[in-house]
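Some notes on the structure that comes next.
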Amino acid sequence: MPRRIREQQIIDVAVQVFARRGYHPASVDEIAELAGISKPMVYLYLDSKEGLFLACLRREAERLVAAFQGAARDVRTPELRLWAGLSAFFAFVAEHRDSWVVLHRQASQLSEAITAEVAQARRAVMAEVAGLVRDGIGEAPGPVPVADEEADFVAHALVGAADSLTDWMERHPGESPERVTRRLMNMVWVGMRNVLAGEVWAPPADSGVPGPAASAGTPGTSGAPRAPADPDRSVQG
């Protein structure tokens with residue numbers, strides 16, 4: 001059997017074992033047995049237990065980024081590309097729970113090399129999201145220019161929210177990836193669109209809360225509250 005195929009089989013098994021048992025309790029003996037290969041061969045292919053975990057981490061991170069990119073490719077607007085990419089992200093987490101446990105829950109608690117690999121994977125996802133946010137800002141017809149720093153801020157907020165929502169999805173198994181994406185887009189993209197249209201929130205002058213007052217002529221948010229958004233409504237329009 002070609003080495004590349006054998007390595008992928010070992011990684012397939014290792015992802016399941018690491019996800020089920022955790023990094024430290026997981027045994028290379030068990031991984032080798034389930035993969036139908038000797039323990040020395042695992043070390044020959046992947047060097048060490050840490051090397052095996054890093055191989056799992058790299059492959060699953062590449063799969064996640066590829067799912068995001070593939071879904072967003074050839075979609076006509078940045079808004080819809082972001083929607084497609086986030087939908088693919090949540091679908092990946094729902095369909096590859098073992099992969100997400102390895103990527104999200106375990107890796108950040110381990111060695112410096114593993115932590116660095118996680119940071120690199122996160123930067124790759126962040127770059128994809130930030131690019132779509134910048135494209136959306138650049139194509140927006142609104143009168144307010146938004147700096148790259150704001151796009152970076154939105155991208156970090158969006159990725160952080162998506163990370164956190166994966167745990168929320170596990171506690172709410174009835175929520176589909178599509179619905180979770182729709183709700184997140186309503187929270188973030190609609191708000192960003194309002195900013196681009198010139199609407200900026202600030203605490204009312206008589207609130208007693210320190211902070212900049214809303215500029216003259218800028219719509220505020222201290223009036224009557226709006227009706228809650230229906231998460232199943234389209235964010236377009």
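Labels used: A, B, ... for chains in the order of the structure tokens, numbers from 1 for residues in each chain, and numbers from 1 for ligands as shown.
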- [ ] Considering only C-alpha atoms, return as an MDAnalysis selection string whatever protein or nucleic-acid residues lie within 9 Å of Ala124 of chain A, sequence-local ones (same chain, fewer than 5 positions apart) excluded.
- [x] chainID A and resid 61 65 119 129
For the residues selected in the previous step, produce a file with N, CA and C atoms as a PDB file, in the first residue's frame.
```
ATOM      1  N   ALA A  61      -7.458  20.809   9.846  1.00  0.00           N
ATOM      2  CA  ALA A  61      -7.498  22.254   9.605  1.00  0.00           C
ATOM      3  C   ALA A  61      -7.563  22.542   8.111  1.00  0.00           C
ATOM      4  N   VAL A  65     -10.577  24.622   6.154  1.00  0.00           N
ATOM      5  CA  VAL A  65     -10.348  25.777   5.294  1.00  0.00           C
ATOM      6  C   VAL A  65     -10.812  25.469   3.867  1.00  0.00           C
ATOM      7  N   ALA A 119      -2.760  28.015  16.136  1.00  0.00           N
ATOM      8  CA  ALA A 119      -2.771  29.444  15.810  1.00  0.00           C
ATOM      9  C   ALA A 119      -2.674  29.656  14.303  1.00  0.00           C
ATOM     10  N   VAL A 129     -12.176  34.886   6.272  1.00  0.00           N
ATOM     11  CA  VAL A 129     -13.324  35.680   6.723  1.00  0.00           C
ATOM     12  C   VAL A 129     -13.048  37.171   6.544  1.00  0.00           C
TER      13      VAL A 129
END
```
Excluding His96 of chain A and any residue of its chain fewer than 5 positions from it, enumerate the residues within 10 Å of it, using only C-alpha atoms, and give them as a PDB file with C-alpha atoms, in the first residue's frame.
```
ATOM      1  CA  GLU A  60      -8.360  18.546   9.706  1.00  0.00           C
ATOM      2  CA  LEU A  64     -11.957  22.968   7.294  1.00  0.00           C
ATOM      3  CA  PHE A  90     -20.952  24.859  10.800  1.00  0.00           C
ATOM      4  CA  ALA A  91     -21.756  21.874   8.575  1.00  0.00           C
ATOM      5  CA  VAL A 101     -12.811  18.105  19.245  1.00  0.00           C
TER       6      VAL A 101
END
```
Task: Nearest to Asp12 of chain A, chosen from A:Lys39, A:Arg97, A:Lys49, A:Arg59, with only C-alpha atoms counted in the distances - done: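 Closest candidate: A:Arg59.
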Task: Computed interatomic separation between atom CA of Pro177 of chain A and atom CA of Ser87 of chain A (Å) - done: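 Atom-to-atom, atom CA of Pro177 of chain A and atom CA of Ser87 of chain A are spaced 6.1 Å apart.
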Task: Residue contacts of Leu54 of chain A (10 Å, only C-alpha atoms) excluding same-chain residues fewer than 2 positions away, as a PyMOL selection string - done: chain A and resi 11+46+48-52+56-60+107+113-115+117-118
TODO: Give the helix (DSSP H, G or I) residues of segment 10-230 of chain A, as DSSP finds them on the backbone, and put them as number ranges by chain.
DONE: A: 10-21, 28-35, 39-46, 49-72, 78-95, 97-109, 112-139, 148-171, 177-196
TODO: Write out as a count of residues only which residues come within 12 Å of Ala66 of chain A when counting only C-alpha atoms, dropping same-chain ones fewer than 5 positions away.
DONE: 14
Open item on the list: Using Å and a single decimal, report how far atom CA of Val180 of chain A sits from atom CA of Leu110 of chain A.
Closed with: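 If I compute the distance from atom CA of Leu110 of chain A to atom CA of Val180 of chain A, I get 29.7 Å.
For Ala161 of chain A, the non-local neighbours within 10 Å, defined as residues at least 6 positions apart in the same chain or in other chains and counting only C-alpha atoms, are Ala155, Leu184 and Val188 of chain A.
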Write the selection just made, keeping C-alpha atoms, as an mmCIF file, in the first residue's frame?
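result_32.cif, written as the output of this step:
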```cif
data_model
loop_
_atom_site.group_PDB
_atom_site.id
_atom_site.type_symbol
_atom_site.label_atom_id
_atom_site.label_comp_id
_atom_site.auth_asym_id
_atom_site.auth_seq_id
_atom_site.Cartn_x
_atom_site.Cartn_y
_atom_site.Cartn_z
ATOM 1 C CA ALA A 155 -13.631 39.177 11.240
ATOM 2 C CA LEU A 184 -25.200 34.748 13.102
ATOM 3 C CA VAL A 188 -23.275 40.555 12.504
#
```
Task: Exercise: Gln9 of chain A partners within 12 Å, only C-alpha atoms, chain neighbours under 2 positions left out, as a list in words - done: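 Within the cut-off, the hits are Met1, Pro2, Arg3, Arg4, Ile5, Arg6, Glu7, Ile11, Asp12, Val13, Ala14, Val15, Gln16, Ile31, Ala32, Glu33, Leu34, Ala35, Gly36, Ile37, Val42, Tyr45, Leu52, Ala55 and Cys56 of chain A.
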Task: Top pick for closest residue to Trp168 of chain A, considering A:Ala94, A:Leu103, A:Leu80, A:Met192 and counting only C-alpha atoms - done: A:Ala94
TODO: Kindly give the distance, in Å, that separates atom CA of Gly70 of chain A and atom CA of Phe153 of chain A, rounded to a single decimal.
DONE: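 Distance between the two atoms: 24.1 Å.
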